[in-house]
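Coordinates from entry_8.txt are shown below (compact mmCIF, C-alpha atoms).
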```txt
# COMPACT_ATOMS: atom_id res chain seq x y z
CA MET A 10 7.38 32.83 53.11
CA LYS A 11 5.92 35.08 55.80
CA LYS A 12 8.17 35.90 58.75
CA GLY A 13 5.75 34.27 61.21
CA SER A 14 5.65 31.03 59.24
CA PHE A 15 9.45 31.04 58.94
CA VAL A 16 9.93 31.43 62.73
CA LEU A 17 7.21 28.88 63.56
CA GLY A 18 8.60 26.35 61.09
CA ASN A 19 12.09 26.71 62.51
CA LEU A 20 10.76 26.34 66.04
CA LYS A 21 8.86 23.13 65.26
CA PHE A 22 11.90 21.57 63.63
CA LEU A 23 14.14 22.56 66.53
CA ILE A 24 11.68 20.91 68.93
CA LEU A 25 11.68 17.81 66.71
CA LEU A 26 15.48 17.69 66.77
CA LEU A 27 15.43 18.06 70.56
CA LEU A 28 13.01 15.12 70.72
CA TYR A 29 15.40 13.02 68.62
CA PHE A 30 18.18 13.86 71.10
CA VAL A 31 16.02 12.63 74.00
CA LEU A 32 15.04 9.49 72.06
CA PHE A 33 18.73 8.86 71.42
CA ILE A 34 19.17 8.45 75.18
CA PHE A 35 15.82 6.84 76.03
CA LYS A 36 14.71 4.18 73.54
CA GLN A 37 11.05 4.57 72.59
CA ASP A 38 10.24 2.84 69.30
CA GLU A 39 6.66 4.03 68.93
CA ILE A 40 7.52 7.69 69.60
CA LEU A 41 10.42 7.53 67.14
CA ILE A 42 8.22 6.10 64.40
CA CYS A 43 5.50 8.70 64.99
CA SER A 44 7.97 11.60 65.13
CA PHE A 45 9.69 10.39 61.94
CA PHE A 46 6.34 10.26 60.12
CA TYR A 47 5.35 13.65 61.58
CA SER A 48 8.52 15.19 60.13
CA LEU A 49 7.22 14.33 56.64
CA ILE A 50 3.87 16.02 57.34
CA LEU A 51 5.59 19.04 58.85
CA GLY A 52 7.90 19.21 55.86
CA PHE A 53 4.98 19.41 53.45
CA LYS A 54 3.33 22.10 55.55
CA VAL A 55 6.46 24.21 55.21
CA ILE A 56 6.72 23.55 51.45
CA LYS A 57 3.05 24.45 51.04
CA SER A 58 3.52 27.68 52.97
CA LYS A 59 6.38 28.61 50.61
CA ASN A 60 4.48 27.74 47.46
CA GLU A 61 0.69 27.70 47.48
CA ASN A 62 0.63 26.42 43.88
CA LEU A 63 2.73 23.35 44.67
CA LEU A 64 2.93 21.19 41.55
CA PHE A 65 3.16 17.42 41.47
CA ASN A 66 6.58 17.55 39.81
CA ASP A 67 8.21 19.73 42.45
CA SER A 68 11.76 18.34 42.75
CA PHE A 69 12.13 19.43 46.35
CA ALA A 70 8.85 17.77 47.43
CA ILE A 71 9.47 14.53 45.51
CA LEU A 72 13.01 14.23 46.90
CA LEU A 73 11.51 14.70 50.38
CA ILE A 74 9.17 11.74 49.77
CA PHE A 75 11.95 9.48 48.51
CA LEU A 76 14.29 10.58 51.31
CA PHE A 77 11.58 9.65 53.81
CA LEU A 78 10.81 6.26 52.20
CA TYR A 79 14.46 5.18 52.06
CA GLY A 80 14.72 5.86 55.79
CA PHE A 81 11.29 4.77 57.05
CA PHE A 82 10.83 1.39 55.33
CA ASN A 83 13.51 -0.59 57.16
CA PRO A 84 12.72 0.41 60.77
CA ILE A 85 8.94 0.12 60.29
CA VAL A 86 9.29 -3.41 58.85
CA ASN A 87 11.75 -4.24 61.62
CA PHE A 88 9.26 -3.03 64.23
CA PHE A 89 6.23 -4.95 62.96
CA VAL A 90 8.07 -8.16 62.04
CA GLU A 91 10.35 -8.41 65.08
CA GLY A 92 8.10 -6.62 67.57
CA GLU A 93 10.67 -3.89 68.19
CA ILE A 94 13.38 -1.94 66.42
CA SER A 95 16.79 -3.48 67.04
CA LYS A 96 19.35 -1.27 68.80
CA ASP A 97 21.57 -0.65 65.77
CA THR A 98 18.57 0.06 63.51
CA TYR A 99 17.09 2.34 66.17
CA LEU A 100 20.21 4.52 66.43
CA ALA A 101 20.54 4.59 62.64
CA THR A 102 16.88 5.64 62.35
CA ILE A 103 17.41 8.64 64.63
CA ILE A 104 20.44 9.77 62.62
CA TYR A 105 18.57 9.26 59.34
CA ALA A 106 15.42 11.00 60.64
CA SER A 107 17.45 14.12 61.47
CA THR A 108 18.09 14.66 57.75
CA ILE A 109 14.46 15.62 57.04
CA PRO A 110 14.37 18.63 59.41
CA ALA A 111 17.80 19.60 58.08
CA TYR A 112 16.63 19.32 54.47
CA ILE A 113 13.55 21.47 55.11
CA LEU A 114 15.47 24.03 57.17
CA GLY A 115 17.88 24.47 54.26
CA SER A 116 15.02 25.27 51.90
CA MET A 117 13.55 27.87 54.23
CA PHE A 118 16.42 30.26 53.50
CA ILE A 119 15.68 30.30 49.75
CA PHE A 120 12.81 32.25 48.19
CA SER A 121 10.66 29.95 46.03
CA SER A 122 9.69 30.81 42.45
CA ASN A 123 7.39 29.45 39.74
CA TYR A 124 9.72 27.11 37.85
CA ASP A 125 6.86 25.89 35.62
CA SER A 126 6.35 29.32 34.06
CA LYS A 127 10.10 29.62 33.47
CA TYR A 128 10.11 26.33 31.58
CA LEU A 129 7.14 27.28 29.40
CA SER A 130 8.36 30.81 28.67
CA ALA A 131 11.84 29.55 27.72
CA LEU A 132 10.29 26.88 25.52
CA GLY A 133 8.17 29.50 23.79
CA ILE A 134 11.21 31.39 22.48
CA LYS A 135 13.26 28.25 21.76
CA LYS A 136 13.78 27.54 18.07
CA HIS A 137 13.97 23.98 16.79
CA ASN A 138 17.56 23.09 15.87
CA GLU A 139 17.03 20.77 12.93
CA SER A 140 20.66 19.73 12.39
CA TYR A 141 21.20 18.94 16.08
CA THR A 142 17.94 16.99 16.22
CA PHE A 143 18.87 14.76 13.28
CA LEU A 144 22.35 14.24 14.70
CA LEU A 145 20.80 12.98 17.94
CA LEU A 146 18.43 10.68 16.05
CA PHE A 147 21.40 9.24 14.19
CA ILE A 148 23.36 8.64 17.42
CA LEU A 149 20.24 7.19 19.05
CA VAL A 150 19.79 4.64 16.26
CA ILE A 151 23.44 3.59 16.64
CA CYS A 152 22.93 3.12 20.42
CA LEU A 153 19.82 1.00 19.87
CA VAL A 154 21.58 -1.12 17.24
CA TYR A 155 24.42 -1.64 19.72
CA PHE A 156 22.04 -2.82 22.46
CA SER A 157 20.13 -5.01 20.01
CA TYR A 158 23.39 -6.72 19.07
CA ILE A 159 24.36 -7.25 22.75
CA PHE A 160 20.93 -8.60 23.71
CA ASN A 161 20.78 -10.86 20.66
CA ALA A 162 24.24 -12.26 21.46
CA GLN A 163 22.95 -13.16 24.93
CA GLY A 164 19.79 -14.68 23.48
CA VAL A 165 17.45 -12.35 25.37
CA LEU A 166 16.37 -9.94 22.62
CA PHE A 167 12.55 -9.97 22.81
CA ASN A 168 12.80 -13.41 24.43
CA PRO A 169 11.47 -13.04 27.99
CA SER A 170 11.23 -16.81 28.52
CA VAL A 171 15.02 -17.05 28.36
CA ALA A 172 15.50 -14.00 30.60
CA LEU A 173 13.22 -15.49 33.28
CA ASN A 174 15.44 -18.57 33.51
CA MET A 175 18.63 -16.54 33.77
CA ASP A 176 20.25 -15.42 36.99
CA ARG A 177 19.53 -11.68 37.08
CA VAL A 178 22.56 -11.01 39.31
CA GLU A 179 24.77 -12.80 36.80
CA LEU A 180 23.14 -10.90 33.93
CA LEU A 181 23.80 -7.54 35.56
CA SER A 182 27.33 -8.49 36.62
CA ASN A 183 28.23 -9.03 32.94
CA LEU A 184 27.59 -5.38 32.12
CA THR A 185 30.67 -3.60 30.80
CA GLN A 186 31.50 0.04 31.50
CA LEU A 187 30.90 0.76 27.81
CA GLN A 188 27.36 -0.61 28.07
CA VAL A 189 26.71 1.53 31.15
CA VAL A 190 27.92 4.69 29.40
CA VAL A 191 25.96 3.95 26.21
CA SER A 192 22.85 3.37 28.33
CA LEU A 193 23.29 6.76 30.04
CA LEU A 194 23.86 8.50 26.69
CA THR A 195 20.74 6.83 25.28
CA THR A 196 18.76 8.17 28.22
CA SER A 197 20.24 11.62 27.62
CA ILE A 198 19.09 11.69 23.99
CA PHE A 199 15.61 10.47 24.86
CA LEU A 200 15.34 13.13 27.60
CA TYR A 201 16.30 15.84 25.11
CA PHE A 202 13.33 14.91 22.93
CA VAL A 203 11.05 14.67 25.97
CA TYR A 204 12.04 18.13 27.21
CA TYR A 205 11.51 19.75 23.80
CA PHE A 206 8.61 17.49 22.80
CA LYS A 207 6.26 20.45 22.39
CA ILE A 208 8.37 22.24 19.77
CA ILE A 209 9.87 19.38 17.72
CA PRO A 210 8.19 18.62 14.36
CA SER A 211 5.46 15.95 14.22
CA LYS A 212 7.56 13.68 11.97
CA VAL A 213 10.43 13.75 14.47
CA ARG A 214 7.97 12.99 17.28
CA PHE A 215 6.75 9.92 15.40
CA VAL A 216 10.31 8.59 14.92
CA PHE A 217 11.17 9.39 18.53
CA ILE A 218 8.10 7.54 19.90
CA PHE A 219 8.78 4.55 17.63
CA LEU A 220 12.38 4.31 18.88
CA LEU A 221 11.27 4.75 22.49
CA VAL A 222 8.69 1.94 22.24
CA TYR A 223 11.35 -0.31 20.72
CA TYR A 224 13.83 0.54 23.51
CA VAL A 225 11.30 -0.01 26.31
CA ALA A 226 10.17 -3.33 24.83
CA MET A 227 13.79 -4.43 24.48
CA GLN A 228 14.56 -3.60 28.12
CA LEU A 229 11.38 -5.26 29.37
CA SER A 230 12.36 -8.43 27.54
CA ILE A 231 15.07 -8.91 30.20
CA GLY A 232 12.93 -7.57 33.04
CA ASN A 233 14.86 -4.29 33.20
CA ARG A 234 13.08 -1.10 34.26
CA ARG A 235 15.82 1.20 35.50
CA ASP A 236 17.12 2.18 32.05
CA PHE A 237 13.83 3.59 30.78
CA VAL A 238 12.14 4.79 33.99
CA PRO A 239 13.96 8.19 33.90
CA ILE A 240 12.47 8.76 30.43
CA ILE A 241 8.94 8.03 31.68
CA VAL A 242 9.57 10.30 34.65
CA GLY A 243 10.73 13.01 32.22
CA PHE A 244 7.41 12.77 30.37
CA PHE A 245 5.66 13.11 33.72
CA TRP A 246 7.62 16.28 34.59
CA VAL A 247 6.76 17.92 31.26
CA TYR A 248 3.09 16.86 31.41
CA VAL A 249 2.62 18.25 34.93
CA ASN A 250 4.24 21.53 33.91
CA ASN A 251 1.99 21.88 30.87
CA LYS A 252 -1.19 20.96 32.75
CA LYS A 253 -0.29 22.80 35.99
CA MET A 254 -1.14 19.63 37.94
CA LYS A 255 -1.10 20.50 41.64
CA PHE A 256 0.18 18.33 44.45
CA THR A 257 -2.80 16.90 46.37
CA ILE A 258 -3.31 14.22 49.04
CA GLY A 259 -5.11 12.01 46.52
CA ARG A 260 -2.23 12.19 44.05
CA PHE A 261 0.24 11.59 46.87
CA VAL A 262 -1.61 8.38 47.80
CA PHE A 263 -1.71 7.44 44.12
CA LEU A 264 2.07 7.93 43.93
CA LEU A 265 2.65 5.66 46.95
CA THR A 266 0.31 3.03 45.52
CA GLY A 267 2.14 3.15 42.21
CA LEU A 268 5.49 2.76 43.97
CA PHE A 269 4.22 -0.28 45.90
CA LEU A 270 2.91 -1.90 42.70
CA PHE A 271 6.27 -1.18 41.09
CA LEU A 272 7.99 -2.98 43.99
CA PHE A 273 5.43 -5.79 43.84
CA LEU A 274 6.32 -6.41 40.19
CA GLY A 275 9.93 -6.67 41.32
CA THR A 276 8.89 -9.38 43.80
CA LEU A 277 7.14 -11.36 41.07
CA ARG A 278 10.35 -11.14 39.04
CA SER A 279 12.43 -12.81 41.80
CA PRO A 280 12.07 -16.64 41.79
CA GLU A 281 13.55 -16.99 45.30
CA LEU A 282 10.70 -14.89 46.69
CA LEU A 283 8.07 -17.08 45.01
CA GLU A 284 9.12 -20.33 46.68
CA ASP A 285 5.91 -20.41 48.78
CA GLY A 286 3.73 -20.04 45.69
CA PHE A 287 1.47 -17.20 44.65
CA ASP A 288 0.33 -16.31 48.17
CA ILE A 289 -0.74 -12.64 48.12
CA PRO A 290 -0.20 -11.89 51.90
CA LYS A 291 3.26 -13.49 51.85
CA LEU A 292 4.11 -11.73 48.62
CA ALA A 293 3.05 -8.41 50.18
CA ILE A 294 5.32 -9.04 53.19
CA ASN A 295 8.16 -10.03 50.87
CA THR A 296 7.57 -6.84 48.88
CA LEU A 297 7.84 -4.70 52.02
CA SER A 298 10.97 -6.44 53.32
CA ASN A 299 12.76 -7.07 50.00
CA ASN A 300 12.86 -3.90 47.96
CA GLU A 301 15.08 -0.99 47.05
CA PHE A 302 13.71 1.14 49.91
CA PHE A 303 14.60 -1.52 52.47
CA TYR A 304 18.19 -2.52 51.69
CA PRO A 305 20.09 0.81 51.37
CA PHE A 306 19.29 1.56 55.02
CA ILE A 307 21.29 -1.52 56.06
CA THR A 308 24.52 0.24 55.07
CA LEU A 309 23.76 2.97 57.61
CA THR A 310 22.95 0.38 60.30
CA PHE A 311 26.35 -1.29 59.82
CA ALA A 312 28.15 2.07 59.74
CA VAL A 313 26.46 3.25 62.95
CA ASN A 314 27.39 -0.01 64.70
CA SER A 315 31.01 0.36 63.58
CA TYR A 316 31.06 3.98 64.73
CA PHE A 317 29.89 3.25 68.26
CA THR A 318 32.18 0.22 68.59
CA GLY A 319 35.13 2.36 67.54
CA THR A 320 35.94 0.43 64.34
CA LEU A 321 34.82 3.02 61.76
CA SER A 322 37.50 5.13 60.10
CA LEU A 323 35.95 8.36 58.83
CA TYR A 324 36.76 9.61 55.32
CA PHE A 325 36.48 13.33 56.21
CA GLY A 326 35.07 14.32 52.81
CA GLU A 327 37.32 12.14 50.64
CA THR A 328 34.50 10.19 48.96
CA ILE A 329 32.46 13.36 48.38
CA LEU A 330 35.22 15.64 47.05
CA PHE A 331 37.65 13.28 45.28
CA TYR A 332 35.76 10.11 44.33
CA PRO A 333 33.59 11.96 41.74
CA ILE A 334 36.81 12.93 39.93
CA LEU A 335 38.47 9.51 40.28
CA LEU A 336 35.41 7.74 38.91
CA PHE A 337 36.06 9.23 35.46
CA ILE A 338 39.59 7.76 35.37
CA PRO A 339 39.65 4.22 33.89
CA ARG A 340 41.08 1.61 36.24
CA VAL A 341 43.50 0.58 33.47
CA ILE A 342 45.14 4.00 33.81
CA PHE A 343 44.80 4.18 37.60
CA PRO A 344 44.89 0.60 39.00
CA MET A 345 45.00 1.87 42.59
CA LYS A 346 41.71 3.69 42.18
CA PRO A 347 39.59 2.96 45.28
CA VAL A 348 36.49 0.79 44.92
CA SER A 349 33.08 2.30 45.55
CA LEU A 350 31.68 2.46 49.07
CA ALA A 351 28.99 -0.03 48.04
CA SER A 352 31.55 -2.57 46.83
CA LYS A 353 33.74 -2.03 49.91
CA PHE A 354 30.70 -2.55 52.14
CA VAL A 355 29.97 -5.94 50.58
CA LEU A 356 33.64 -6.99 50.66
CA ASP A 357 34.08 -6.00 54.32
CA ASN A 358 30.84 -7.52 55.60
CA PHE A 359 29.97 -10.39 53.25
CA GLY A 360 33.23 -11.23 51.50
CA GLY A 361 32.03 -10.10 48.07
CA GLY A 362 29.01 -10.14 45.79
CA MET A 363 26.80 -7.47 44.21
CA GLY A 364 27.25 -4.04 45.78
CA TYR A 365 24.53 -2.68 48.07
CA ALA A 366 22.75 0.53 47.16
CA TYR A 367 24.63 3.05 49.30
CA SER A 368 22.56 6.04 50.33
CA PRO A 369 23.98 9.59 50.57
CA VAL A 370 22.88 9.61 54.22
CA THR A 371 25.29 6.77 54.94
CA GLU A 372 28.00 8.46 52.89
CA PHE A 373 27.71 11.68 54.87
CA PHE A 374 27.84 9.60 58.07
CA VAL A 375 31.00 7.62 57.15
CA ASN A 376 32.65 10.92 56.16
CA PHE A 377 31.76 13.17 59.09
CA GLY A 378 30.16 11.04 61.81
CA ILE A 379 26.89 11.63 63.68
CA PHE A 380 26.31 15.20 62.49
CA GLY A 381 27.40 14.51 58.90
CA PRO A 382 23.93 13.58 57.54
CA PHE A 383 22.32 16.63 59.18
CA ILE A 384 24.86 19.11 57.80
CA GLY A 385 24.91 17.36 54.42
CA PHE A 386 21.16 17.57 53.90
CA LEU A 387 21.00 21.11 55.23
CA LEU A 388 23.26 22.03 52.30
CA ILE A 389 21.29 19.83 49.88
CA GLY A 390 18.08 21.61 50.91
CA ILE A 391 19.69 24.93 49.97
CA ILE A 392 21.11 23.59 46.68
CA ILE A 393 17.86 21.97 45.48
CA SER A 394 15.84 25.08 46.33
CA ARG A 395 18.26 27.29 44.42
CA MET A 396 18.40 24.87 41.47
CA GLN A 397 14.62 24.78 41.14
CA GLY A 398 14.56 28.55 40.86
CA TYR A 399 17.02 28.73 37.94
CA LYS A 400 15.76 30.40 34.78
CA ASP A 401 17.09 27.47 32.75
CA GLN A 402 15.00 24.51 33.90
CA ARG A 403 17.01 21.79 32.19
CA ILE A 404 19.11 21.11 35.30
CA ASN A 405 15.97 20.81 37.40
CA PHE A 406 14.40 18.56 34.75
CA VAL A 407 17.36 16.15 34.56
CA PHE A 408 17.71 16.05 38.34
CA PHE A 409 14.02 15.23 38.74
CA THR A 410 14.41 12.17 36.51
CA MET A 411 17.33 11.01 38.68
CA ILE A 412 15.91 11.51 42.18
CA PRO A 413 15.67 7.75 42.96
CA ASP A 414 19.27 7.31 41.75
CA PHE A 415 20.36 10.13 44.06
CA CYS A 416 18.70 8.50 47.08
CA ARG A 417 20.13 5.02 46.48
CA GLY A 418 23.64 5.86 45.32
CA GLU A 419 26.90 7.50 46.29
CA ILE A 420 27.65 11.14 45.48
CA SER A 421 30.39 10.09 43.04
CA SER A 422 28.14 7.71 41.10
CA PHE A 423 25.40 10.36 40.93
CA VAL A 424 27.85 12.95 39.55
CA TYR A 425 29.07 10.38 37.01
CA GLN A 426 25.54 9.54 35.87
CA PHE A 427 24.44 13.18 35.83
CA PHE A 428 27.39 14.09 33.61
CA PHE A 429 26.40 11.61 30.90
CA VAL A 430 22.61 11.96 31.24
CA SER A 431 22.84 15.75 30.94
CA LEU A 432 25.36 15.66 28.08
CA PHE A 433 22.94 15.96 25.13
CA VAL A 434 20.31 17.90 27.10
CA ILE A 435 22.51 20.57 28.67
CA SER A 436 26.28 20.38 28.12
CA ILE A 437 26.55 20.08 24.32
CA PRO A 438 23.74 22.61 23.56
CA VAL A 439 25.40 25.12 25.92
CA LEU A 440 28.77 24.51 24.25
CA LEU A 441 27.27 24.95 20.76
CA LYS A 442 25.59 28.19 21.83
CA TYR A 443 28.88 29.46 23.24
CA ILE A 444 30.72 28.62 19.98
CA ARG A 445 28.12 30.44 17.87
CA GLU A 446 28.41 33.55 20.01
```
Take the structure in this file and express it as structure tokens.
Amino acid sequence: MKKGSFVLGNLKFLILLLLYFVLFIFKQDEILICSFFYSLILGFKVIKSKNENLLFNDSFAILLIFLFLYGFFNPIVNFFVEGEISKDTYLATIIYASTIPAYILGSMFIFSSNYDSKYLSALGIKKHNESYTFLLLFILVICLVYFSYIFNAQGVLFNPSVALNMDRVELLSNLTQLQVVVSLLTTSIFLYFVYYFKIIPSKVRFVFIFLLVYYVAMQLSIGNRRDFVPIIVGFFWVYVNNKKMKFTIGRFVFLLTGLFLFLFLGTLRSPELLEDGFDIPKLAINTLSNNEFFYPFITLTFAVNSYFTGTLSLYFGETILFYPILLFIPRVIFPMKPVSLASKFVLDNFGGGMGYAYSPVTEFFVNFGIFGPFIGFLLIGIIISRMQGYKDQRINFVFFTMIPDFCRGEISSFVYQFFFVSLFVISIPVLLKYIRE
């Protein structure tokens, strides 16, 4: 980035942060909404100035979009439905909005590089490991047989009519930790084949695609998308790299449209949201106010209210530094292991039930207070920029497939998922290489 662009970018973000400080004192809903949206535009201008050949699978840019959506949805719906942003939501919006300037500022200290060429050049010298490939296919078949047995026992294997009449919350609540781990390992194996799709033999590709179609169909039979979406996203990352598909306004709009349709399908899957019949306008409103971008923000609203009423006890880094380690210890061994922030939130505020998606913004806030989200995402901006420049692109690839999970989960749960999802793609191959050497 040129020195002039660096100074100008920093200046604009500092002015934006100063504006947020003024808006914190003087409530102006319209100005807050406009400034929040402007931060997204300004962020892309800075990214574009760093990398003129910005690709559509840029992890930093895509995380910026998701970070914005998880913070913008709730207040904008609140404003148009209620006529104004409620006080607690307003204060939470300012704190959340500060993370975008922080995130971009963090990236401005890291020199950008062409990660796509690094992926392709590394792939060009990579030799196909036949024994490892067949081992993964064998493990994958075992995982799919396991899930087929579980689904068949519940009567939902390729039987969507039964799944539609089942309580989805009850269905998900019956998941065991073993099923969660097997699901993550299945994703890891599929992602390995996606990443090396270009160099694996045609016969292996055929088997891989057959198993993938079977897995996707099996998950769709119970209306589940989350378990196979990272695999589809992985294909997208590889395809964009190979085709050098640039990030454009048209593709950005296409992405947002696709996300809305994805949420709309979720609305059609929820019987309680279809009580008024198939009314498109009402369904659109329900989609905007009942989706995964809307609810995680509520955790921040509650936390901000508790903070300013003096009832919030800060964790001071406990959930960020220690929970990721504790999560790997079975509760049978450590009965006093603390529950997740999401579960605690539901217990404290609603007396129990399914845990809310707990965003990292809220987690940084409950750990360090008002300035926690800003400092946290300043560091994340640095980390993601450095990660995307690594010669080995597997970390960047796996992270890209997990960006939505990062935005709607706690740091500990993300570390836990990343460990298992990266196991067959990164950890075991690195270990095998080390043993050979």
Around (8.3, 20.6, 16.5) in the file's frame, which residues reach within 12 Å when counting all atoms listed in the file? Return as a ChimeraX atom specification? /A:132-133,135-139,142,202-215,217
Which of A:Leu76, A:Leu441, A:Ala366, A:Leu200 sits closest to Ile113 of chain A [using only C-alpha atoms]: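 Checking each of A:Leu76, A:Leu441, A:Ala366, A:Leu200 against Ile113 of chain A, counting only C-alpha atoms, the winner is A:Leu76.
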Find, counting all atoms listed in the file, the residue in A:Ile94, A:Val55, A:Ile103, A:Phe156 that gets nearest to Leu32 of chain A.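 Of all the options, A:Ile103 lies closest to Leu32 of chain A.
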With 5 Å added on each side, what axis-aligned box encloses every listed atom of segment 184-195 of chain A? Give the centre and edge lengths in Å to one decimal, as AutoDock Vina command-line options.
```
--center_x 26.1 --center_y 1.6 --center_z 28.7 --size_x 20.8 --size_y 23.9 --size_z 16.8
```
Residues within 12 Å of Thr320 of chain A, all atoms listed in the file, excluding chain neighbours under 5 positions, as a PyMOL selection string: chain A and resi 311-315+375
Can you measure atom CA of Phe89 of chain A to atom CA of Ile40 of chain A for me? One decimal in Å is fine.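 The value is 14.3 Å.
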Between A:Lys255, A:Arg403, A:Lys57, A:Arg445, which one has atoms that come closest to Ser197 of chain A, using only C-alpha atoms?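 Using only C-alpha atoms, Ser197 of chain A sits closest to A:Arg403.
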Between atom CA of Val190 of chain A and atom CA of Phe428 of chain A, what is the distance, to one decimal in Å?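 Result for atom CA of Val190 of chain A versus atom CA of Phe428 of chain A: 10.3 Å, one decimal.
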Between atom CA of Ile412 of chain A and atom CA of Val439 of chain A, measure the distance and give it in Å to one decimal. 23.2 Å
Enumerate, as a short mmCIF file (atom, residue, chain, number, x, y, z; two decimals) with C-alpha atoms, in the frame of the given file, the protein, DNA and RNA residues whose atoms approach (6.3, 14.4, 60.6) to within 12 Å, taking into account only C-alpha atoms and the coordinate frame of the file.
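What ended up in result.cif:
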```
data_model
loop_
_atom_site.label_atom_id
_atom_site.label_comp_id
_atom_site.auth_asym_id
_atom_site.auth_seq_id
_atom_site.Cartn_x
_atom_site.Cartn_y
_atom_site.Cartn_z
CA LYS A 21 8.86 23.13 65.26
CA PHE A 22 11.90 21.57 63.63
CA ILE A 24 11.68 20.91 68.93
CA LEU A 25 11.68 17.81 66.71
CA LEU A 26 15.48 17.69 66.77
CA ILE A 40 7.52 7.69 69.60
CA LEU A 41 10.42 7.53 67.14
CA ILE A 42 8.22 6.10 64.40
CA CYS A 43 5.50 8.70 64.99
CA SER A 44 7.97 11.60 65.13
CA PHE A 45 9.69 10.39 61.94
CA PHE A 46 6.34 10.26 60.12
CA TYR A 47 5.35 13.65 61.58
CA SER A 48 8.52 15.19 60.13
CA LEU A 49 7.22 14.33 56.64
CA ILE A 50 3.87 16.02 57.34
CA LEU A 51 5.59 19.04 58.85
CA GLY A 52 7.90 19.21 55.86
CA PHE A 53 4.98 19.41 53.45
CA LYS A 54 3.33 22.10 55.55
CA VAL A 55 6.46 24.21 55.21
CA LEU A 73 11.51 14.70 50.38
CA ILE A 74 9.17 11.74 49.77
CA PHE A 77 11.58 9.65 53.81
CA PHE A 81 11.29 4.77 57.05
CA ALA A 106 15.42 11.00 60.64
CA SER A 107 17.45 14.12 61.47
CA ILE A 109 14.46 15.62 57.04
CA PRO A 110 14.37 18.63 59.41
CA ILE A 113 13.55 21.47 55.11
#
```
Shortest interatomic distance to Ser394 of chain A - which of A:Arg235, A:Lys59, A:Lys127, A:Lys36, counting only C-alpha atoms: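 Of A:Arg235, A:Lys59, A:Lys127, A:Lys36, the one nearest Ser394 of chain A is A:Lys59, counting only C-alpha atoms.
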Tell me which protein, DNA and RNA residues are within 12 Å of Phe160 of chain A, counting all atoms listed in the file, leaving out same-chain ones fewer than 2 positions away, and put them as a count of residues only. 26
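Minimum atom-to-atom distance to Phe88 of chain A, evaluated using only C-alpha atoms, belongs to A:Asp38 out of A:Asp38, A:Phe237, A:Tyr128, A:Phe219.
Proximity of A:Ile151, A:Ser58, A:Arg260, A:Phe244 to Leu220 of chain A, computed with all atoms listed in the file, is greatest for A:Ile151.
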Write out as a ChimeraX atom specification the residues lying within 10 Å of Phe33 of chain A, counting only C-alpha atoms and excluding same-chain residues fewer than 6 positions away. /A:27,41,99-104
